[in-house]
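Trainee: Got structure.tsv for you, TSV, C-alpha atoms:
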```
chain	number	residue	atom	x	y	z
A	3	MET	CA	-16.61	-125.90	276.93
A	4	ARG	CA	-12.82	-125.77	277.06
A	5	PHE	CA	-11.12	-129.00	275.92
A	6	THR	CA	-7.67	-130.09	277.03
A	7	LEU	CA	-5.35	-132.69	275.61
A	8	VAL	CA	-3.37	-134.08	278.48
A	9	PRO	CA	-5.07	-137.02	280.24
A	10	SER	CA	-5.80	-136.16	283.80
A	11	ASP	CA	-7.95	-137.35	286.63
A	12	ALA	CA	-9.92	-135.06	288.93
A	13	GLN	CA	-7.04	-134.68	291.37
A	14	ASP	CA	-4.78	-133.30	288.65
A	15	THR	CA	-6.97	-130.41	287.54
A	16	ALA	CA	-6.36	-126.76	288.36
A	17	ALA	CA	-9.62	-126.64	290.32
A	18	ALA	CA	-8.75	-129.68	292.44
A	19	ARG	CA	-5.25	-128.39	293.15
A	20	GLN	CA	-6.70	-125.03	294.16
A	21	LEU	CA	-9.08	-126.75	296.57
A	22	ASP	CA	-6.19	-128.67	298.09
A	23	THR	CA	-3.90	-125.66	298.54
A	24	GLY	CA	-6.66	-123.25	299.58
A	25	PHE	CA	-7.14	-119.61	298.62
A	26	PRO	CA	-6.85	-117.38	301.72
A	27	LYS	CA	-6.17	-114.34	299.50
A	28	LEU	CA	-9.38	-115.05	297.56
A	29	GLU	CA	-7.67	-115.38	294.22
A	30	PHE	CA	-7.12	-118.31	291.87
A	31	GLY	CA	-4.43	-118.80	289.31
A	32	GLU	CA	-5.21	-118.04	285.68
A	33	PRO	CA	-7.20	-119.02	283.67
A	34	LEU	CA	-9.32	-120.24	286.59
A	35	GLU	CA	-9.61	-116.76	288.11
A	36	GLY	CA	-10.88	-115.22	284.89
A	37	GLU	CA	-13.43	-118.00	284.43
A	38	PHE	CA	-14.62	-117.60	288.02
A	39	ARG	CA	-15.08	-113.85	287.67
A	40	ARG	CA	-17.17	-114.25	284.55
A	41	THR	CA	-19.35	-116.84	286.27
A	42	HIS	CA	-19.57	-114.83	289.48
A	43	ARG	CA	-20.59	-111.68	287.62
A	44	GLN	CA	-23.68	-113.44	286.30
A	45	LYS	CA	-24.61	-115.11	289.57
A	46	VAL	CA	-24.51	-111.93	291.65
A	47	LEU	CA	-27.04	-110.07	289.49
A	48	PRO	CA	-29.95	-110.93	291.83
A	49	TRP	CA	-27.86	-109.81	294.82
A	50	MET	CA	-27.02	-106.51	293.17
A	51	ARG	CA	-30.66	-105.82	292.38
A	52	ALA	CA	-31.62	-106.67	295.93
A	53	GLY	CA	-28.84	-104.41	297.21
A	54	PHE	CA	-29.96	-101.41	295.18
A	55	ALA	CA	-33.56	-102.04	296.20
A	56	ALA	CA	-32.40	-102.05	299.84
A	57	LEU	CA	-30.57	-98.76	299.24
A	58	ALA	CA	-33.72	-97.19	297.78
A	59	LEU	CA	-35.72	-98.36	300.81
A	60	LEU	CA	-33.00	-97.05	303.12
A	61	ALA	CA	-33.19	-93.61	301.48
A	62	LEU	CA	-36.96	-93.45	302.01
A	63	VAL	CA	-36.64	-94.55	305.65
A	64	LEU	CA	-33.92	-91.97	306.27
A	65	TRP	CA	-36.07	-89.25	304.72
A	66	MET	CA	-38.90	-90.10	307.13
A	67	LEU	CA	-36.46	-90.20	310.08
A	68	ASP	CA	-35.16	-86.76	309.08
A	69	HIS	CA	-38.62	-85.30	309.71
A	70	TRP	CA	-38.40	-86.57	313.26
A	71	GLN	CA	-34.74	-85.88	314.17
A	72	LEU	CA	-33.57	-82.89	312.12
A	73	PRO	CA	-34.36	-79.18	312.53
A	74	ALA	CA	-36.85	-77.85	309.98
A	75	THR	CA	-34.15	-75.76	308.30
A	76	PHE	CA	-32.42	-78.94	307.10
A	77	MET	CA	-35.51	-80.55	305.56
A	78	PRO	CA	-35.07	-79.04	302.05
A	79	LEU	CA	-31.53	-80.43	301.95
A	80	SER	CA	-32.78	-83.78	303.20
A	81	HIS	CA	-35.48	-83.81	300.55
A	82	VAL	CA	-32.95	-83.13	297.77
A	83	LEU	CA	-30.34	-85.62	298.93
A	84	ARG	CA	-32.69	-88.44	299.92
A	85	LEU	CA	-35.40	-88.25	297.25
A	86	VAL	CA	-33.76	-86.43	294.34
A	87	VAL	CA	-30.28	-87.97	294.54
A	88	MET	CA	-30.24	-91.23	296.53
A	89	VAL	CA	-33.48	-92.84	295.37
A	90	PRO	CA	-32.79	-92.17	291.65
A	91	LEU	CA	-29.24	-93.48	292.07
A	92	ALA	CA	-30.59	-96.70	293.55
A	93	ALA	CA	-33.07	-96.98	290.67
A	94	LEU	CA	-30.22	-96.35	288.22
A	95	GLY	CA	-28.27	-99.18	289.83
A	96	ILE	CA	-31.16	-101.58	289.35
A	97	GLY	CA	-31.45	-100.51	285.72
A	98	LEU	CA	-27.75	-101.10	285.11
A	99	THR	CA	-28.08	-104.72	286.21
A	100	TYR	CA	-30.42	-105.24	283.25
A	101	VAL	CA	-28.76	-103.00	280.65
A	102	LEU	CA	-25.21	-104.22	281.40
A	103	ALA	CA	-26.16	-107.71	282.55
A	104	ARG	CA	-23.43	-109.41	280.47
A	105	HIS	CA	-20.96	-106.56	280.25
A	106	GLU	CA	-17.69	-106.43	282.17
A	107	ALA	CA	-18.33	-102.77	283.04
A	108	LEU	CA	-21.35	-103.68	285.20
A	109	VAL	CA	-19.38	-104.09	288.43
A	110	ARG	CA	-17.47	-100.84	287.95
A	111	ALA	CA	-20.61	-98.88	287.04
A	112	SER	CA	-22.55	-100.32	289.96
A	113	THR	CA	-19.71	-99.52	292.35
A	114	LEU	CA	-19.70	-95.89	291.17
A	115	VAL	CA	-23.47	-95.64	291.68
A	116	PHE	CA	-23.16	-97.09	295.18
A	117	ALA	CA	-20.34	-94.67	295.98
A	118	GLY	CA	-22.51	-91.77	294.80
A	119	PHE	CA	-25.31	-92.93	297.08
A	120	ALA	CA	-23.00	-93.08	300.11
A	121	ILE	CA	-21.43	-89.69	299.32
A	122	ALA	CA	-24.90	-88.11	299.28
A	123	ALA	CA	-25.40	-89.34	302.84
A	124	ILE	CA	-21.93	-88.09	303.81
A	125	ILE	CA	-22.72	-84.62	302.42
A	126	LEU	CA	-25.70	-84.32	304.76
A	127	ASP	CA	-23.50	-85.33	307.69
A	128	GLY	CA	-21.04	-82.63	306.69
A	129	PHE	CA	-23.73	-79.94	306.70
A	130	LEU	CA	-25.01	-81.13	310.08
A	131	ALA	CA	-21.49	-81.04	311.53
A	132	ARG	CA	-20.83	-77.58	310.12
A	133	ALA	CA	-24.05	-76.22	311.66
A	134	ALA	CA	-23.35	-77.97	314.98
A	135	ALA	CA	-26.71	-79.68	314.64
A	136	PRO	CA	-27.59	-82.66	316.85
A	137	LEU	CA	-25.96	-85.94	315.85
A	138	ALA	CA	-28.48	-87.68	313.65
A	139	PHE	CA	-28.63	-91.14	312.10
A	140	SER	CA	-27.22	-90.36	308.66
A	141	GLY	CA	-27.41	-93.85	307.20
A	142	VAL	CA	-23.78	-93.95	306.07
A	143	SER	CA	-23.04	-97.00	308.23
A	144	ALA	CA	-26.14	-98.81	306.95
A	145	ALA	CA	-25.18	-98.03	303.36
A	146	LEU	CA	-21.67	-99.39	303.94
A	147	LEU	CA	-23.09	-102.61	305.39
A	148	ILE	CA	-25.33	-103.04	302.37
A	149	GLY	CA	-22.40	-102.31	300.05
A	150	CYS	CA	-20.23	-104.98	301.66
A	151	THR	CA	-22.83	-107.73	301.83
A	152	THR	CA	-25.94	-107.39	299.69
A	153	MET	CA	-24.35	-105.72	296.66
A	154	GLY	CA	-22.44	-108.86	295.72
A	155	LEU	CA	-19.05	-107.12	295.68
A	156	ARG	CA	-16.05	-109.37	296.08
A	157	PHE	CA	-14.13	-108.94	299.33
A	158	TRP	CA	-11.19	-106.84	298.11
A	159	PRO	CA	-13.29	-104.35	296.11
A	160	ALA	CA	-15.73	-104.12	299.04
A	161	LEU	CA	-12.88	-103.42	301.47
A	162	ASP	CA	-11.32	-100.81	299.17
A	163	VAL	CA	-14.54	-98.97	298.31
A	164	CYS	CA	-16.26	-99.09	301.68
A	165	GLY	CA	-13.04	-98.38	303.57
A	166	ALA	CA	-12.41	-95.32	301.40
A	167	LEU	CA	-16.00	-94.12	301.90
A	168	ALA	CA	-15.69	-94.54	305.68
A	169	LEU	CA	-12.51	-92.46	305.70
A	170	ILE	CA	-14.19	-89.81	303.54
A	171	ALA	CA	-17.12	-89.67	305.96
A	172	ILE	CA	-14.87	-89.31	309.01
A	173	GLY	CA	-12.73	-86.69	307.31
A	174	THR	CA	-15.82	-84.74	306.21
A	175	VAL	CA	-17.28	-84.35	309.70
A	176	MET	CA	-13.85	-83.49	311.14
A	177	PHE	CA	-13.27	-80.82	308.49
A	178	ALA	CA	-16.80	-79.49	309.06
A	179	GLY	CA	-16.07	-78.77	312.71
A	180	TRP	CA	-17.08	-81.69	314.88
A	181	GLY	CA	-14.89	-82.25	317.88
A	182	ALA	CA	-13.63	-85.44	319.40
A	183	PRO	CA	-16.83	-86.15	321.44
A	184	GLN	CA	-18.80	-86.33	318.17
A	185	VAL	CA	-16.12	-87.67	315.81
A	186	ILE	CA	-15.02	-90.65	317.93
A	187	PRO	CA	-18.43	-92.38	318.18
A	188	TYR	CA	-19.13	-91.49	314.54
A	189	ALA	CA	-15.81	-93.00	313.43
A	190	LEU	CA	-16.32	-96.11	315.55
A	191	THR	CA	-19.73	-96.60	313.93
A	192	GLN	CA	-18.33	-96.41	310.40
A	193	VAL	CA	-15.29	-98.60	311.14
A	194	THR	CA	-17.50	-101.20	312.86
A	195	ALA	CA	-19.90	-101.23	309.90
A	196	VAL	CA	-17.04	-101.72	307.43
A	197	GLY	CA	-15.41	-104.39	309.61
A	198	ILE	CA	-18.60	-106.42	310.03
A	199	GLY	CA	-19.55	-105.98	306.38
A	200	CYS	CA	-16.14	-106.98	305.05
A	201	ALA	CA	-15.95	-110.01	307.35
A	202	ALA	CA	-19.30	-111.12	305.95
A	203	ALA	CA	-18.09	-110.40	302.40
A	204	TYR	CA	-14.95	-112.49	302.97
A	205	ALA	CA	-16.91	-115.45	304.34
A	206	LEU	CA	-19.44	-115.24	301.53
A	207	GLU	CA	-16.87	-115.01	298.75
A	208	HIS	CA	-14.82	-117.84	300.22
A	209	ALA	CA	-17.92	-120.07	300.27
A	210	VAL	CA	-18.83	-119.06	296.71
A	211	ARG	CA	-15.32	-119.77	295.44
A	212	ALA	CA	-15.21	-123.17	297.16
A	213	ALA	CA	-18.60	-124.08	295.66
A	214	TYR	CA	-17.35	-122.99	292.23
A	215	LEU	CA	-14.23	-125.18	292.46
A	216	GLU	CA	-16.28	-128.17	293.63
A	217	ALA	CA	-18.68	-127.69	290.72
A	218	VAL	CA	-15.76	-127.56	288.26
A	219	VAL	CA	-14.31	-130.79	289.69
A	220	ILE	CA	-17.69	-132.54	289.55
A	221	ALA	CA	-18.23	-131.38	285.97
A	222	HIS	CA	-14.74	-132.62	285.12
A	223	LEU	CA	-15.52	-136.05	286.55
A	224	GLY	CA	-18.73	-136.18	284.54
A	225	GLU	CA	-16.83	-135.56	281.30
A	226	ARG	CA	-13.83	-137.82	281.89
A	227	ASP	CA	-13.19	-141.50	281.61
A	228	GLY	CA	-12.34	-142.75	285.08
A	229	LEU	CA	-9.50	-145.03	284.00
A	230	THR	CA	-7.54	-142.88	281.55
A	231	GLY	CA	-8.59	-139.32	282.38
A	232	LEU	CA	-9.43	-138.73	278.71
A	233	PHE	CA	-12.80	-137.33	277.73
A	234	ASN	CA	-15.58	-139.90	277.60
A	235	ARG	CA	-17.81	-141.02	274.74
A	236	ARG	CA	-20.56	-138.53	275.55
A	237	VAL	CA	-18.17	-135.58	275.27
A	238	PHE	CA	-16.66	-137.08	272.12
A	239	ASP	CA	-20.06	-137.19	270.41
A	240	ARG	CA	-20.78	-133.61	271.40
A	241	TYR	CA	-17.38	-132.33	270.29
A	242	LEU	CA	-17.40	-134.15	266.95
A	243	GLU	CA	-20.86	-132.77	266.20
A	244	ARG	CA	-19.64	-129.25	266.88
A	245	VAL	CA	-16.53	-129.67	264.74
A	246	TRP	CA	-18.59	-131.30	261.99
A	247	GLN	CA	-21.04	-128.39	261.81
A	248	GLN	CA	-18.24	-125.81	261.86
A	249	SER	CA	-16.38	-127.65	259.10
A	250	ILE	CA	-19.51	-127.58	256.92
A	251	VAL	CA	-19.60	-123.81	257.31
A	252	ASP	CA	-15.86	-123.35	256.77
A	253	LYS	CA	-15.54	-126.08	254.10
A	254	SER	CA	-12.55	-127.39	256.05
A	255	LEU	CA	-11.05	-130.82	256.60
A	256	VAL	CA	-12.11	-133.08	259.49
A	257	VAL	CA	-9.97	-136.02	260.54
A	258	LEU	CA	-11.07	-138.81	262.86
A	259	MET	CA	-8.60	-141.42	264.11
A	260	LEU	CA	-9.67	-144.56	265.95
A	261	VAL	CA	-6.83	-146.24	267.84
A	262	ASP	CA	-7.08	-149.83	269.09
A	263	ALA	CA	-4.54	-152.03	270.88
A	264	ASP	CA	-3.69	-155.18	268.94
A	265	ASN	CA	-4.50	-158.58	270.49
A	266	PHE	CA	-5.31	-156.97	273.80
A	267	ARG	CA	-7.54	-159.82	274.96
A	268	SER	CA	-4.55	-162.14	275.03
A	269	TYR	CA	-2.64	-159.49	277.01
A	270	ASN	CA	-5.38	-159.46	279.64
A	271	ASP	CA	-5.51	-163.27	279.71
A	272	ARG	CA	-1.77	-163.48	280.39
A	273	PHE	CA	-1.20	-160.54	282.77
A	274	GLY	CA	-4.64	-159.95	284.34
A	275	LEU	CA	-7.07	-157.05	284.40
A	276	THR	CA	-5.00	-154.88	286.73
A	277	ALA	CA	-2.02	-154.95	284.37
A	278	GLY	CA	-4.44	-154.44	281.49
A	279	ASP	CA	-5.78	-151.27	283.08
A	280	ALA	CA	-2.25	-149.97	283.62
A	281	CYS	CA	-1.45	-150.70	279.98
A	282	ILE	CA	-4.56	-148.81	278.80
A	283	ARG	CA	-3.51	-145.78	280.85
A	284	GLU	CA	-0.03	-145.78	279.33
A	285	VAL	CA	-1.36	-146.15	275.80
A	286	ALA	CA	-3.83	-143.30	276.39
A	287	ALA	CA	-1.11	-141.01	277.70
A	288	ALA	CA	1.22	-141.79	274.79
A	289	MET	CA	-1.56	-141.25	272.26
A	290	SER	CA	-2.78	-137.94	273.68
A	291	ALA	CA	0.77	-136.58	273.87
A	292	CYS	CA	0.98	-136.85	270.08
A	293	ALA	CA	-1.93	-134.47	269.50
A	294	ARG	CA	-0.20	-131.14	270.00
A	295	ARG	CA	-2.51	-128.41	268.68
A	296	PRO	CA	-4.87	-126.61	271.11
A	297	LEU	CA	-8.01	-127.89	269.36
A	298	ASP	CA	-6.84	-131.49	268.94
A	299	PHE	CA	-9.24	-133.64	270.91
A	300	CYS	CA	-8.64	-137.06	272.51
A	301	ALA	CA	-11.23	-139.37	274.06
A	302	ARG	CA	-11.74	-142.94	275.13
A	303	TYR	CA	-14.15	-144.18	272.49
A	304	SER	CA	-15.06	-147.63	273.86
A	305	GLY	CA	-13.27	-150.41	275.67
A	306	ILE	CA	-9.69	-150.27	274.44
A	307	GLN	CA	-10.49	-147.97	271.53
A	308	PHE	CA	-9.49	-144.33	271.59
A	309	ALA	CA	-10.40	-141.45	269.30
A	310	ILE	CA	-8.56	-138.35	268.12
A	311	VAL	CA	-10.41	-135.57	266.29
A	312	LEU	CA	-8.44	-133.03	264.27
A	313	ALA	CA	-10.32	-129.90	263.21
A	314	ASN	CA	-9.03	-128.24	260.03
A	315	PRO	CA	-5.48	-129.66	260.12
A	316	ASP	CA	-3.04	-129.24	257.26
A	317	ARG	CA	-2.40	-132.37	255.21
A	318	LEU	CA	1.10	-133.03	256.49
A	319	TYR	CA	-0.03	-132.85	260.12
A	320	ALA	CA	-3.02	-135.13	259.45
A	321	GLU	CA	-0.71	-137.70	257.84
A	322	ASP	CA	1.96	-137.54	260.54
A	323	ILE	CA	-0.15	-137.83	263.71
A	324	PRO	CA	-1.39	-141.44	263.20
A	325	GLN	CA	2.17	-142.62	262.52
A	326	HIS	CA	3.39	-140.74	265.59
A	327	VAL	CA	0.69	-142.44	267.68
A	328	ARG	CA	1.69	-145.89	266.46
A	329	ALA	CA	5.37	-145.17	267.06
A	330	ALA	CA	4.77	-143.62	270.51
A	331	VAL	CA	2.90	-146.70	271.75
A	332	ALA	CA	5.56	-149.02	270.34
A	333	ALA	CA	8.22	-146.92	272.09
A	334	LEU	CA	6.61	-147.68	275.44
A	335	GLY	CA	7.99	-151.21	275.10
A	336	ILE	CA	5.17	-152.77	277.14
A	337	PRO	CA	5.90	-156.55	276.99
A	338	HIS	CA	3.31	-158.59	275.06
A	339	PRO	CA	4.76	-162.08	274.36
A	340	ASP	CA	1.56	-163.26	272.63
A	341	SER	CA	1.52	-160.47	270.06
A	342	PRO	CA	2.07	-161.74	266.49
A	343	ASN	CA	3.48	-158.37	265.44
A	344	ALA	CA	6.20	-157.79	268.02
A	345	ARG	CA	7.15	-158.68	271.56
A	346	HIS	CA	5.48	-155.53	272.86
A	347	VAL	CA	2.07	-153.83	272.76
A	348	THR	CA	1.20	-152.23	269.42
A	349	VAL	CA	-1.80	-150.37	268.06
A	350	SER	CA	-3.73	-150.18	264.82
A	351	VAL	CA	-5.03	-146.83	263.65
A	352	GLY	CA	-8.01	-146.26	261.37
A	353	VAL	CA	-8.21	-142.78	259.88
A	354	ALA	CA	-11.15	-141.10	258.14
A	355	LEU	CA	-10.76	-137.77	256.36
A	356	THR	CA	-13.42	-135.64	254.70
A	357	VAL	CA	-14.57	-132.13	253.96
A	358	PRO	CA	-18.22	-132.48	255.00
A	359	ARG	CA	-21.25	-131.03	253.29
A	360	VAL	CA	-24.75	-130.42	254.63
A	361	SER	CA	-26.02	-133.65	253.07
A	362	ASP	CA	-23.28	-135.75	254.71
A	363	SER	CA	-23.74	-137.92	257.77
A	364	ARG	CA	-21.51	-137.64	260.80
A	365	GLU	CA	-22.46	-141.20	261.83
A	366	ALA	CA	-21.35	-142.55	258.45
A	367	PHE	CA	-18.07	-140.68	258.84
A	368	VAL	CA	-17.47	-142.52	262.12
A	369	GLU	CA	-18.28	-145.79	260.37
A	370	LEU	CA	-15.67	-144.96	257.75
A	371	ALA	CA	-13.04	-144.67	260.48
A	372	GLN	CA	-14.24	-147.97	261.96
A	373	ALA	CA	-13.92	-149.65	258.56
A	374	ALA	CA	-10.37	-148.34	258.25
A	375	LEU	CA	-9.55	-149.69	261.71
A	376	ARG	CA	-10.98	-153.12	260.83
A	377	GLU	CA	-8.87	-153.19	257.69
A	378	ALA	CA	-5.77	-152.35	259.74
A	379	HIS	CA	-6.51	-155.30	262.04
A	380	GLU	CA	-7.21	-157.63	259.11
A	381	LYS	CA	-3.84	-156.78	257.59
A	382	GLY	CA	-2.08	-157.91	260.78
A	383	GLY	CA	-2.21	-154.83	262.98
A	384	ASP	CA	0.54	-152.42	264.00
A	385	ARG	CA	-0.27	-150.20	261.03
A	386	VAL	CA	-2.23	-147.17	259.88
A	387	VAL	CA	-5.04	-147.36	257.32
A	388	ALA	CA	-6.54	-144.11	256.07
A	389	CYS	CA	-9.73	-143.58	254.08
A	390	GLU	CA	-10.29	-140.19	252.53
A	391	SER	CA	-13.92	-140.26	251.51
A	392	GLU	CA	-15.76	-138.58	248.73
A	393	SER	CA	-19.01	-136.99	249.77
A	394	SER	CA	-20.99	-140.03	248.64
A	395	LEU	CA	-19.19	-142.19	251.17
A	396	VAL	CA	-20.54	-140.22	254.10
A	397	GLN	CA	-24.16	-139.91	253.05
A	398	THR	CA	-26.66	-141.82	255.16
A	399	GLY	CA	-27.95	-144.95	253.46
A	400	MET	CA	-25.11	-145.13	250.93
A	401	PHE	CA	-22.06	-145.65	253.12
A	402	ARG	CA	-21.98	-149.40	253.68
A	403	ALA	CA	-22.48	-150.39	250.03
A	404	GLU	CA	-19.94	-147.82	248.82
A	405	VAL	CA	-17.29	-148.96	251.31
A	406	ALA	CA	-17.87	-152.64	250.57
A	407	LEU	CA	-17.54	-151.98	246.86
A	408	ALA	CA	-14.38	-149.90	247.36
A	409	LEU	CA	-12.76	-152.60	249.50
A	410	ALA	CA	-13.72	-155.31	247.00
A	411	ARG	CA	-12.12	-153.35	244.17
A	412	ALA	CA	-8.97	-152.78	246.24
A	413	ARG	CA	-8.55	-156.55	246.70
```
The structure given in the file should be rewritten as structure tokens.

Mentor:
Amino acid sequence: MRFTLVPSDAQDTAAARQLDTGFPKLEFGEPLEGEFRRTHRQKVLPWMRAGFAALALLALVLWMLDHWQLPATFMPLSHVLRLVVMVPLAALGIGLTYVLARHEALVRASTLVFAGFAIAAIILDGFLARAAAPLAFSGVSAALLIGCTTMGLRFWPALDVCGALALIAIGTVMFAGWGAPQVIPYALTQVTAVGIGCAAAYALEHAVRAAYLEAVVIAHLGERDGLTGLFNRRVFDRYLERVWQQSIVDKSLVVLMLVDADNFRSYNDRFGLTAGDACIREVAAAMSACARRPLDFCARYSGIQFAIVLANPDRLYAEDIPQHVRAAVAALGIPHPDSPNARHVTVSVGVALTVPRVSDSREAFVELAQAALREAHEKGGDRVVACESESSLVQTGMFRAEVALALARAR
């Protein structure tokens, strides 16, 4: 999963904007295009296998038709091209979809195999044209249709490859000696096959891309808090668990900040829920703007509480961010006449820091941040309280007693 910092609702994502503006050229902006291609490459594997299976079946059908429509002198060539070249190439294509299933070279390799298959059919047409044999069904047009549709090629590669193959086929029979009465219908057949196939490829890719963007938007909505656009509690739990496990391996620092607006109930009582929601959005935006590193993670933790997770920060950064958050919210200047701290909205920040070990508890670490936040509120709010725990403070079953004892000693 790729995490972002800036709060955003579904209409402000790259996928949603791409849906709104459309994509007639069948291309997204980066990094969306790269992500789509990786996803598409995996989803078209069944299509590619079906396409190569269809090519193998086509080669066998053509070989049987050759017995009926070609002079006997051409049957050895038909046998070589259909059974010795085309069928093995189709089988090779199927094999590549398993061997290179997750490799970027799969599409290029499969395209080369398909091109080899079509060229084998074109070679037979060239020999027929050179010998002035009767016009036979070569299968080039059928192969081009399969290449455009069933192979799972995207529109532009399909147009380039199949268009080039059609031109090669037309040029081959012209060079071999066919005149206009034979070349014109042959060329019309190939151009029609490419046109129909590419139109189908365009429609299919457009539908696939639209479905992909809709899925991204839906996934985004499922991970975001509807009011603030920050990640929700479910994503927070998943992300913190991942950072926690990685920090155990790396023996690196983890920082969790819980941010809570001071005396917010009185703000709601005075200004109403609508103004309260607007205030929460502004606080969330100001808070998330303070977390500047790519892996800094912001979420709405619960109610009016927010969370920031810092993975392996340096000490100076970990100390500065909570103060920046407090100052950024104060700088908003949102009026709060009932606040005992100031005449504007302020926040308290509880910070927990630790270098976790295997025996430590992530849940106890969160409780440590909650205890720091409670202490900040008890001291009047509009302040930062940090607790850097020893390992014993974040071991399940020992946390509450240790924290209570530490707080008692501090008083």

Trainee: For Phe273 in chain A, list every protein, DNA or RNA residue within 12 Å, evaluated using only C-alpha atoms, and leave out those in the same chain fewer than 5 positions away; present the list as a PyMOL selection string.

Mentor: chain A and resi 266-268+278-281+336-340

Trainee: Set out as CSV a contact list for range 66-163 of chain A and range 47-51 of chain A with a cut-off of 6 Å, giving each residue of range 66-163 of chain A that qualifies its closest atom pair and distance in Å to one decimal, counting all atoms listed in the file, ordered by chain and rising residue number.

Mentor:
```
residue,atom,partner,partner_atom,distance
A:Ile96,CA,A:Arg51,CA,5.2
A:Thr152,CA,A:Trp49,CA,5.8
A:Met153,CA,A:Met50,CA,4.5
A:Gly154,CA,A:Trp49,CA,5.6
```

Trainee: Which residues are near range 308-321 of chain A? Cut-off 7 Å, only C-alpha atoms, ignore same chain within fewer than 2 positions. Put them as a list of chain:residue names.

Mentor: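 Answer for this query is A:Val245, A:Ser254, A:Leu255, A:Val256, A:Val257, A:Leu258, A:Met259, A:Leu260, A:Val261, A:Asp262, A:Leu297, A:Asp298, A:Phe299, A:Cys300, A:Ala301, A:Arg302, A:Tyr303, A:Ser304, A:Ile306, A:Ile323, A:Pro324.
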
Trainee: Mind dumping the selected residues with C-alpha atoms as a JSON list (two decimals), keeping the file's coordinate frame?

Mentor:
```
[["chain", "number", "residue", "atom", "x", "y", "z"],
["A", 245, "VAL", "CA", -16.53, -129.67, 264.74],
["A", 254, "SER", "CA", -12.55, -127.39, 256.05],
["A", 255, "LEU", "CA", -11.05, -130.82, 256.60],
["A", 256, "VAL", "CA", -12.11, -133.08, 259.49],
["A", 257, "VAL", "CA", -9.97, -136.02, 260.54],
["A", 258, "LEU", "CA", -11.07, -138.81, 262.86],
["A", 259, "MET", "CA", -8.60, -141.42, 264.11],
["A", 260, "LEU", "CA", -9.67, -144.56, 265.95],
["A", 261, "VAL", "CA", -6.83, -146.24, 267.84],
["A", 262, "ASP", "CA", -7.08, -149.83, 269.09],
["A", 297, "LEU", "CA", -8.01, -127.89, 269.36],
["A", 298, "ASP", "CA", -6.84, -131.49, 268.94],
["A", 299, "PHE", "CA", -9.24, -133.64, 270.91],
["A", 300, "CYS", "CA", -8.64, -137.06, 272.51],
["A", 301, "ALA", "CA", -11.23, -139.37, 274.06],
["A", 302, "ARG", "CA", -11.74, -142.94, 275.13],
["A", 303, "TYR", "CA", -14.15, -144.18, 272.49],
["A", 304, "SER", "CA", -15.06, -147.63, 273.86],
["A", 306, "ILE", "CA", -9.69, -150.27, 274.44],
["A", 323, "ILE", "CA", -0.15, -137.83, 263.71],
["A", 324, "PRO", "CA", -1.39, -141.44, 263.20]]
```

Trainee: So, counting all atoms listed in the file, which residue among A:Gln184, A:Gly24, A:Val196, A:Arg236 is closest to Gly165 in chain A?

Mentor: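 Among the listed residues, A:Val196 lies closest to Gly165 in chain A.
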
Trainee: CA of Ala134 in chain A and CA of Met176 in chain A, how far apart in Å?

Mentor: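 Separation between CA of Met176 in chain A and CA of Ala134 in chain A: 11.6 Å.
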
Trainee: Reconstruct range 270-279 of chain A at the level of N, CA and C atoms, and format the result as a PDB file, in the frame of the given file.

Mentor:
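File selection31.pdb, as written:
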```
ATOM      1  N   ASN A 270      -4.636-159.347 278.381  1.00  0.00           N
ATOM      2  CA  ASN A 270      -5.380-159.460 279.640  1.00  0.00           C
ATOM      3  C   ASN A 270      -5.366-160.883 280.168  1.00  0.00           C
ATOM      4  N   ASP A 271      -5.490-161.869 279.267  1.00  0.00           N
ATOM      5  CA  ASP A 271      -5.510-163.270 279.710  1.00  0.00           C
ATOM      6  C   ASP A 271      -4.186-163.648 280.362  1.00  0.00           C
ATOM      7  N   ARG A 272      -3.084-163.110 279.854  1.00  0.00           N
ATOM      8  CA  ARG A 272      -1.770-163.480 280.390  1.00  0.00           C
ATOM      9  C   ARG A 272      -1.432-162.697 281.669  1.00  0.00           C
ATOM     10  N   PHE A 273      -1.684-161.384 281.677  1.00  0.00           N
ATOM     11  CA  PHE A 273      -1.200-160.540 282.770  1.00  0.00           C
ATOM     12  C   PHE A 273      -2.289-160.134 283.772  1.00  0.00           C
ATOM     13  N   GLY A 274      -3.560-160.302 283.418  1.00  0.00           N
ATOM     14  CA  GLY A 274      -4.640-159.950 284.340  1.00  0.00           C
ATOM     15  C   GLY A 274      -5.197-158.559 284.075  1.00  0.00           C
ATOM     16  N   LEU A 275      -6.368-158.302 284.667  1.00  0.00           N
ATOM     17  CA  LEU A 275      -7.070-157.050 284.400  1.00  0.00           C
ATOM     18  C   LEU A 275      -6.352-155.843 284.979  1.00  0.00           C
ATOM     19  N   THR A 276      -5.701-156.019 286.132  1.00  0.00           N
ATOM     20  CA  THR A 276      -5.000-154.880 286.730  1.00  0.00           C
ATOM     21  C   THR A 276      -3.880-154.396 285.823  1.00  0.00           C
ATOM     22  N   ALA A 277      -3.087-155.327 285.311  1.00  0.00           N
ATOM     23  CA  ALA A 277      -2.020-154.950 284.370  1.00  0.00           C
ATOM     24  C   ALA A 277      -2.622-154.403 283.086  1.00  0.00           C
ATOM     25  N   GLY A 278      -3.769-154.943 282.684  1.00  0.00           N
ATOM     26  CA  GLY A 278      -4.440-154.440 281.490  1.00  0.00           C
ATOM     27  C   GLY A 278      -4.866-152.998 281.652  1.00  0.00           C
ATOM     28  N   ASP A 279      -5.400-152.665 282.831  1.00  0.00           N
ATOM     29  CA  ASP A 279      -5.780-151.270 283.080  1.00  0.00           C
ATOM     30  C   ASP A 279      -4.570-150.342 283.042  1.00  0.00           C
TER      31      ASP A 279
END
```
